[in-house]
file protein.csv (CSV, C-alpha atoms)
chain,number,residue,atom,x,y,z
W,1,MET,CA,50.3,131.3,158.0
W,2,ALA,CA,52.7,133.9,159.4
W,3,HIS,CA,56.4,133.1,159.4
W,4,THR,CA,58.1,132.6,162.8
W,5,LEU,CA,61.6,132.7,164.1
W,6,PRO,CA,62.9,129.1,164.3
W,7,PRO,CA,64.5,128.2,167.6
W,8,LEU,CA,68.2,127.4,167.6
W,9,PRO,CA,69.1,123.7,167.9
W,10,TYR,CA,71.7,124.6,170.5
W,11,ALA,CA,72.4,127.2,173.2
W,12,TYR,CA,73.6,130.7,172.2
W,13,ASN,CA,77.0,130.1,173.7
W,14,ALA,CA,77.4,126.6,172.2
W,15,LEU,CA,79.5,127.6,169.2
W,16,GLU,CA,82.1,129.4,171.3
W,17,PRO,CA,85.0,130.1,171.0
W,18,TYR,CA,84.5,130.2,167.2
W,19,ILE,CA,81.3,132.3,167.3
W,20,SER,CA,80.6,134.3,170.4
W,21,GLU,CA,77.4,134.2,172.4
W,22,GLU,CA,76.9,137.9,171.9
W,23,ILE,CA,77.0,137.5,168.1
W,24,MET,CA,74.6,134.6,168.2
W,25,VAL,CA,72.0,136.4,170.4
W,26,LEU,CA,72.1,139.5,168.2
W,27,HIS,CA,72.2,137.6,164.9
W,28,HIS,CA,69.2,135.3,165.9
W,29,THR,CA,67.0,137.5,168.0
W,30,LYS,CA,67.5,140.8,166.2
W,31,HIS,CA,68.6,140.3,162.6
W,32,HIS,CA,66.7,137.1,161.8
W,33,GLN,CA,63.7,138.3,163.7
W,34,THR,CA,63.7,141.5,161.7
W,35,TYR,CA,63.6,139.6,158.4
W,36,VAL,CA,60.7,137.5,159.7
W,37,ASN,CA,58.7,140.5,160.8
W,38,ALA,CA,59.4,142.4,157.5
W,39,LEU,CA,58.5,139.3,155.4
W,40,ASN,CA,55.2,138.9,157.3
W,41,ALA,CA,54.4,142.6,156.7
W,42,ALA,CA,55.3,142.4,153.0
W,43,GLU,CA,53.2,139.3,152.5
W,44,ALA,CA,50.2,140.9,154.2
W,45,SER,CA,50.6,144.0,152.0
W,46,TYR,CA,50.9,141.7,148.9
W,47,ALA,CA,47.6,139.9,149.9
W,48,LYS,CA,45.9,143.3,150.0
W,49,ALA,CA,47.4,144.7,146.8
W,50,SER,CA,44.8,145.3,144.2
W,51,THR,CA,46.9,146.2,141.2
W,52,PRO,CA,49.9,144.7,139.4
W,53,LYS,CA,51.9,147.9,140.1
W,54,GLU,CA,51.3,147.5,143.8
W,55,ARG,CA,52.4,143.8,143.7
W,56,ILE,CA,55.5,144.6,141.7
W,57,ALA,CA,56.4,147.3,144.2
W,58,LEU,CA,56.5,144.7,146.9
W,59,GLN,CA,58.8,142.3,145.1
W,60,ALA,CA,62.1,143.7,146.5
W,61,ALA,CA,60.9,143.5,150.1
W,62,LEU,CA,59.6,139.9,149.5
W,63,LYS,CA,62.9,138.9,147.9
W,64,PHE,CA,65.2,140.5,150.5
W,65,ASN,CA,63.3,139.5,153.7
W,66,GLY,CA,62.1,136.1,152.3
W,67,GLY,CA,65.7,135.3,151.4
W,68,GLY,CA,67.0,136.5,154.8
W,69,HIS,CA,64.5,134.2,156.5
W,70,ILE,CA,65.3,131.2,154.2
W,71,ASN,CA,69.0,131.6,154.4
W,72,HIS,CA,69.2,132.1,158.1
W,73,SER,CA,66.9,129.2,158.8
W,74,LEU,CA,69.4,127.0,156.9
W,75,PHE,CA,72.4,128.7,158.5
W,76,TRP,CA,71.5,127.8,162.1
W,77,LYS,CA,71.1,124.1,161.1
W,78,ASN,CA,74.4,124.3,159.3
W,79,LEU,CA,76.2,124.9,162.6
W,80,ALA,CA,76.9,122.6,165.5
W,81,PRO,CA,79.0,122.8,168.7
W,82,SER,CA,82.6,122.0,167.8
W,83,ALA,CA,84.3,118.6,168.3
W,84,ALA,CA,87.7,120.5,168.5
W,85,VAL,CA,86.7,121.7,172.0
W,86,ASN,CA,84.8,118.6,172.9
W,87,LYS,CA,81.4,120.2,172.7
W,88,GLY,CA,79.8,118.3,169.9
W,89,ASN,CA,80.2,117.0,166.3
W,90,GLY,CA,80.8,120.3,164.6
W,91,GLY,CA,83.7,120.2,162.1
W,92,VAL,CA,83.7,116.4,161.7
W,93,LEU,CA,83.2,115.0,158.2
W,94,ARG,CA,82.5,111.3,158.3
W,95,ASP,CA,83.4,108.7,155.6
W,96,GLY,CA,80.6,108.2,153.2
W,97,ALA,CA,79.0,109.4,149.9
W,98,PHE,CA,79.1,113.1,150.9
W,99,LYS,CA,82.9,112.9,151.7
W,100,GLN,CA,83.5,111.1,148.4
W,101,ALA,CA,81.5,113.8,146.5
W,102,ILE,CA,83.7,116.5,148.1
W,103,GLU,CA,86.9,114.7,147.2
W,104,GLU,CA,85.6,114.2,143.6
W,105,ALA,CA,84.8,117.8,143.2
W,106,PHE,CA,87.6,119.5,145.1
W,107,GLY,CA,90.3,116.8,145.8
W,108,SER,CA,90.0,117.0,149.6
W,109,LEU,CA,88.1,118.7,152.4
W,110,ASP,CA,91.1,121.1,152.9
W,111,ASN,CA,90.9,122.1,149.2
W,112,LEU,CA,87.2,122.7,149.5
W,113,LYS,CA,87.8,124.9,152.6
W,114,LYS,CA,90.4,126.9,150.7
W,115,GLU,CA,88.4,127.4,147.6
W,116,PHE,CA,85.2,128.1,149.5
W,117,ASN,CA,86.9,130.7,151.7
W,118,ALA,CA,88.6,132.4,148.8
W,119,THR,CA,85.4,132.6,146.8
W,120,THR,CA,83.3,133.8,149.8
W,121,ALA,CA,85.9,136.4,151.0
W,122,ALA,CA,85.9,137.9,147.5
W,123,ILE,CA,82.2,139.0,147.9
W,124,GLN,CA,82.0,142.7,147.7
W,125,GLY,CA,79.7,144.0,150.4
W,126,SER,CA,77.2,141.6,152.0
W,127,GLY,CA,76.2,138.2,150.8
W,128,TRP,CA,76.5,134.4,151.3
W,129,GLY,CA,79.0,131.7,150.3
W,130,TRP,CA,77.5,128.4,149.3
W,131,LEU,CA,78.4,124.8,148.7
W,132,GLY,CA,75.6,123.5,146.5
W,133,PHE,CA,74.6,120.4,144.6
W,134,ASN,CA,74.0,120.7,140.8
W,135,PRO,CA,71.2,118.3,139.9
W,136,SER,CA,72.2,118.3,136.2
W,137,THR,CA,75.8,117.4,136.7
W,138,LYS,CA,75.3,115.6,140.0
W,139,ARG,CA,78.4,117.3,141.4
W,140,LEU,CA,79.1,119.8,144.2
W,141,GLU,CA,79.8,123.3,143.2
W,142,LEU,CA,80.7,126.6,144.9
W,143,ALA,CA,78.5,129.7,144.5
W,144,THR,CA,77.9,133.1,146.1
W,145,THR,CA,74.8,135.2,146.3
W,146,PRO,CA,74.6,138.9,147.0
W,147,ASN,CA,72.7,140.5,149.9
W,148,GLN,CA,70.0,138.0,151.1
W,149,ASP,CA,69.4,136.3,147.8
W,150,PRO,CA,68.7,132.6,148.3
W,151,LEU,CA,70.6,130.0,146.3
W,152,LEU,CA,68.3,129.0,143.4
W,153,HIS,CA,70.3,127.4,140.7
W,154,LEU,CA,71.9,124.8,143.0
W,155,VAL,CA,70.5,122.8,146.0
W,156,PRO,CA,72.0,124.4,149.1
W,157,ILE,CA,74.2,122.1,151.1
W,158,ILE,CA,76.3,124.5,153.2
W,159,GLY,CA,75.7,128.3,153.4
W,160,VAL,CA,77.9,130.8,155.3
W,161,ASP,CA,76.7,134.3,156.1
W,162,ILE,CA,79.3,136.9,155.2
W,163,TRP,CA,77.3,139.9,156.3
W,164,GLU,CA,79.2,141.9,158.9
W,165,HIS,CA,76.6,141.2,161.6
W,166,ALA,CA,77.7,137.6,161.4
W,167,PHE,CA,81.2,138.2,162.5
W,168,TYR,CA,82.2,141.8,163.1
W,169,LEU,CA,81.9,141.9,166.9
W,170,GLN,CA,84.5,139.1,167.1
W,171,TYR,CA,86.6,139.2,164.0
W,172,LYS,CA,86.3,142.9,163.1
W,173,ASN,CA,87.0,143.4,159.4
W,174,VAL,CA,89.1,140.2,159.0
W,175,LYS,CA,86.8,138.0,157.0
W,176,PRO,CA,89.4,135.3,156.4
W,177,ASP,CA,89.7,134.7,160.2
W,178,TYR,CA,86.0,134.2,160.5
W,179,LEU,CA,85.8,131.9,157.5
W,180,ASN,CA,88.7,129.8,158.8
W,181,ALA,CA,87.1,129.6,162.2
W,182,ILE,CA,83.6,128.7,161.0
W,183,TRP,CA,84.7,125.3,159.7
W,184,ASN,CA,85.1,124.2,163.3
W,185,VAL,CA,81.4,124.5,163.8
W,186,ILE,CA,80.1,123.4,160.4
W,187,ASN,CA,77.5,120.6,160.9
W,188,PHE,CA,78.6,118.1,158.3
W,189,GLU,CA,75.9,115.6,159.4
W,190,GLU,CA,73.3,118.2,158.4
W,191,ALA,CA,75.1,118.9,155.2
W,192,GLU,CA,75.3,115.1,154.5
W,193,ALA,CA,71.6,114.8,155.0
W,194,ARG,CA,70.9,117.7,152.6
W,195,PHE,CA,73.3,116.1,150.1
W,196,ASN,CA,71.6,112.7,150.3
W,197,GLU,CA,68.2,114.3,149.9
W,198,ALA,CA,69.5,116.3,146.9
W,199,VAL,CA,71.0,113.2,145.3
W,200,GLY,CA,67.7,111.3,145.8
W,201,GLY,CA,65.7,114.2,144.3
W,202,SER,CA,68.0,114.4,141.3
W,203,LYS,CA,67.1,110.9,140.2
W,204,LEU,CA,63.4,111.8,139.5

call {"tool": "encode", "arguments": {"input": "protein.csv", "output": "structure tokens"}}
result
Amino acid sequence: MAHTLPPLPYAYNALEPYISEEIMVLHHTKHHQTYVNALNAAEASYAKASTPKERIALQAALKFNGGGHINHSLFWKNLAPSAAVNKGNGGVLRDGAFKQAIEEAFGSLDNLKKEFNATTAAIQGSGWGWLGFNPSTKRLELATTPNQDPLLHLVPIIGVDIWEHAFYLQYKNVKPDYLNAIWNVINFEEAEARFNEAVGGSKL
């Protein structure tokens, strides 16, 4: 089955003023679509490859474009129109087990934001910042991955794209402004659902 570009669960302008419509259109229809196309091409080549050397040569393309597709598919669901501008539920963390887990790991939501932003802003070049769940310790942890590498050692709960294409048209080279703004459109309900699923899975 060929991979396809998933539709956004909101309009391209729904995350404004925090993420502009222009960024969302380019990010979704150009950048993510390119990863999907390249992943399909790499998988087709892999299926035709007849030697280990040919298959090994395709690993980088599979990792990069596969990771780009996985990460962006999660990223779109991670976002929601903001409650701060009366558009939706973005940025609102409800009471419950997920909020308790954040407070246990970081002390408060504000502390999580500060630590997440500092860790993610420190990425050199392109990459992703993550809040993930560690199935071994059953605690939330921060992590970063370079380029389009997916998060593998933790269950991804929230991921933020720190590639320039995610913010440069609006925030120029000021990563901290983008990272501060994006919390207004983080879909904590989606994150809570991922957390609950991860907790359930960790009991097996």

call {"tool": "residues_around", "arguments": {"input": "protein.csv", "residues": "region 169-185 of chain W", "least_positions_apart": "3", "cutoff": "6 Å", "atoms": "only C-alpha atoms", "output": "short mmCIF file (atom, residue, chain, number, x, y, z; two decimals) with C-alpha atoms, keeping the file's coordinate frame"}}
result
data_model
loop_
_atom_site.label_atom_id
_atom_site.label_comp_id
_atom_site.auth_asym_id
_atom_site.auth_seq_id
_atom_site.Cartn_x
_atom_site.Cartn_y
_atom_site.Cartn_z
CA TYR W 18 84.50 130.20 167.20
CA LEU W 79 76.20 124.90 162.60
CA ALA W 80 76.90 122.60 165.50
CA PRO W 81 79.00 122.80 168.70
CA SER W 82 82.60 122.00 167.80
CA GLY W 90 80.80 120.30 164.60
CA GLY W 91 83.70 120.20 162.10
#

call {"tool": "closest_residue", "arguments": {"input": "protein.csv", "among": "W:Trp128, W:Phe188, W:Trp163, W:Phe195", "to": "Lys77 (chain W)", "atoms": "only C-alpha atoms"}}
result
W:Phe188

call {"tool": "residues_around", "arguments": {"input": "protein.csv", "residues": "His31 (chain W)", "least_positions_apart": "4", "cutoff": "9 Å", "atoms": "only C-alpha atoms", "output": "JSON, numbers by chain"}}
result
{"W": [26, 27, 35, 36, 68, 165]}

call {"tool": "closest_residue", "arguments": {"input": "protein.csv", "among": "W:Val92, W:Lys138, W:Tyr46, W:Ile19", "to": "Glu104 (chain W)", "atoms": "only C-alpha atoms"}}
result
W:Lys138

call {"tool": "atom_distance", "arguments": {"input": "protein.csv", "atom1": "CA of Leu93 (chain W)", "atom2": "CA of Glu190 (chain W)"}}
result
10.4 Å

call {"tool": "atom_distance", "arguments": {"input": "protein.csv", "atom1": "CA of Ala198 (chain W)", "atom2": "CA of Pro150 (chain W)"}}
result
16.4 Å

call {"tool": "closest_residue", "arguments": {"input": "protein.csv", "among": "W:Ala143, W:Ala191, W:Val155, W:Leu8", "to": "Ala97 (chain W)", "atoms": "only C-alpha atoms"}}
result
W:Ala191

call {"tool": "closest_residue", "arguments": {"input": "protein.csv", "among": "W:Glu43, W:Asp161, W:Val199, W:Asn111", "to": "Thr137 (chain W)", "atoms": "all atoms listed in the file"}}
result
W:Val199

call {"tool": "closest_residue", "arguments": {"input": "protein.csv", "among": "W:Leu74, W:Ile157, W:Leu62, W:Ala2", "to": "Ile102 (chain W)", "atoms": "only C-alpha atoms"}}
result
W:Ile157

call {"tool": "residues_near_point", "arguments": {"input": "protein.csv", "point": "(80.8, 139.5, 145.3)", "cutoff": "12 Å", "atoms": "only C-alpha atoms", "output": "list of chain:residue names"}}
result
W:Ala118, W:Thr119, W:Thr120, W:Ala121, W:Ala122, W:Ile123, W:Gln124, W:Gly125, W:Ser126, W:Gly127, W:Trp128, W:Gly129, W:Ala143, W:Thr144, W:Thr145, W:Pro146, W:Asn147, W:Ile162, W:Trp163

call {"tool": "write_last_selection", "arguments": {"input": "protein.csv", "atoms": "C-alpha atoms", "output": "PDB file, in the coordinates of the input"}}
result
ATOM      1  CA  ALA W 118      88.600 132.400 148.800  1.00  0.00           C
ATOM      2  CA  THR W 119      85.400 132.600 146.800  1.00  0.00           C
ATOM      3  CA  THR W 120      83.300 133.800 149.800  1.00  0.00           C
ATOM      4  CA  ALA W 121      85.900 136.400 151.000  1.00  0.00           C
ATOM      5  CA  ALA W 122      85.900 137.900 147.500  1.00  0.00           C
ATOM      6  CA  ILE W 123      82.200 139.000 147.900  1.00  0.00           C
ATOM      7  CA  GLN W 124      82.000 142.700 147.700  1.00  0.00           C
ATOM      8  CA  GLY W 125      79.700 144.000 150.400  1.00  0.00           C
ATOM      9  CA  SER W 126      77.200 141.600 152.000  1.00  0.00           C
ATOM     10  CA  GLY W 127      76.200 138.200 150.800  1.00  0.00           C
ATOM     11  CA  TRP W 128      76.500 134.400 151.300  1.00  0.00           C
ATOM     12  CA  GLY W 129      79.000 131.700 150.300  1.00  0.00           C
ATOM     13  CA  ALA W 143      78.500 129.700 144.500  1.00  0.00           C
ATOM     14  CA  THR W 144      77.900 133.100 146.100  1.00  0.00           C
ATOM     15  CA  THR W 145      74.800 135.200 146.300  1.00  0.00           C
ATOM     16  CA  PRO W 146      74.600 138.900 147.000  1.00  0.00           C
ATOM     17  CA  ASN W 147      72.700 140.500 149.900  1.00  0.00           C
ATOM     18  CA  ILE W 162      79.300 136.900 155.200  1.00  0.00           C
ATOM     19  CA  TRP W 163      77.300 139.900 156.300  1.00  0.00           C
TER      20      TRP W 163
END

call {"tool": "closest_residue", "arguments": {"input": "protein.csv", "among": "W:His28, W:Arg55, W:Arg139, W:His153", "to": "Tyr10 (chain W)", "atoms": "only C-alpha atoms"}}
result
W:His28

call {"tool": "atom_distance", "arguments": {"input": "protein.csv", "atom1": "CA of Leu109 (chain W)", "atom2": "CA of Leu151 (chain W)"}}
result
21.7 Å

call {"tool": "residues_around", "arguments": {"input": "protein.csv", "residues": "Leu39 (chain W)", "least_positions_apart": "2", "cutoff": "12 Å", "atoms": "all atoms listed in the file", "output": "MDAnalysis selection string"}}
result
chainID W and resid 1:5 32:37 41:46 58:70

call {"tool": "residues_around", "arguments": {"input": "protein.csv", "residues": "Phe75 (chain W)", "least_positions_apart": "5", "cutoff": "8 Å", "atoms": "all atoms listed in the file", "output": "PDB file with C-alpha atoms, in the frame of the given file"}}
result
ATOM      1  CA  ILE W 158      76.300 124.500 153.200  1.00  0.00           C
ATOM      2  CA  GLY W 159      75.700 128.300 153.400  1.00  0.00           C
ATOM      3  CA  VAL W 160      77.900 130.800 155.300  1.00  0.00           C
ATOM      4  CA  ASP W 161      76.700 134.300 156.100  1.00  0.00           C
TER       5      ASP W 161
END
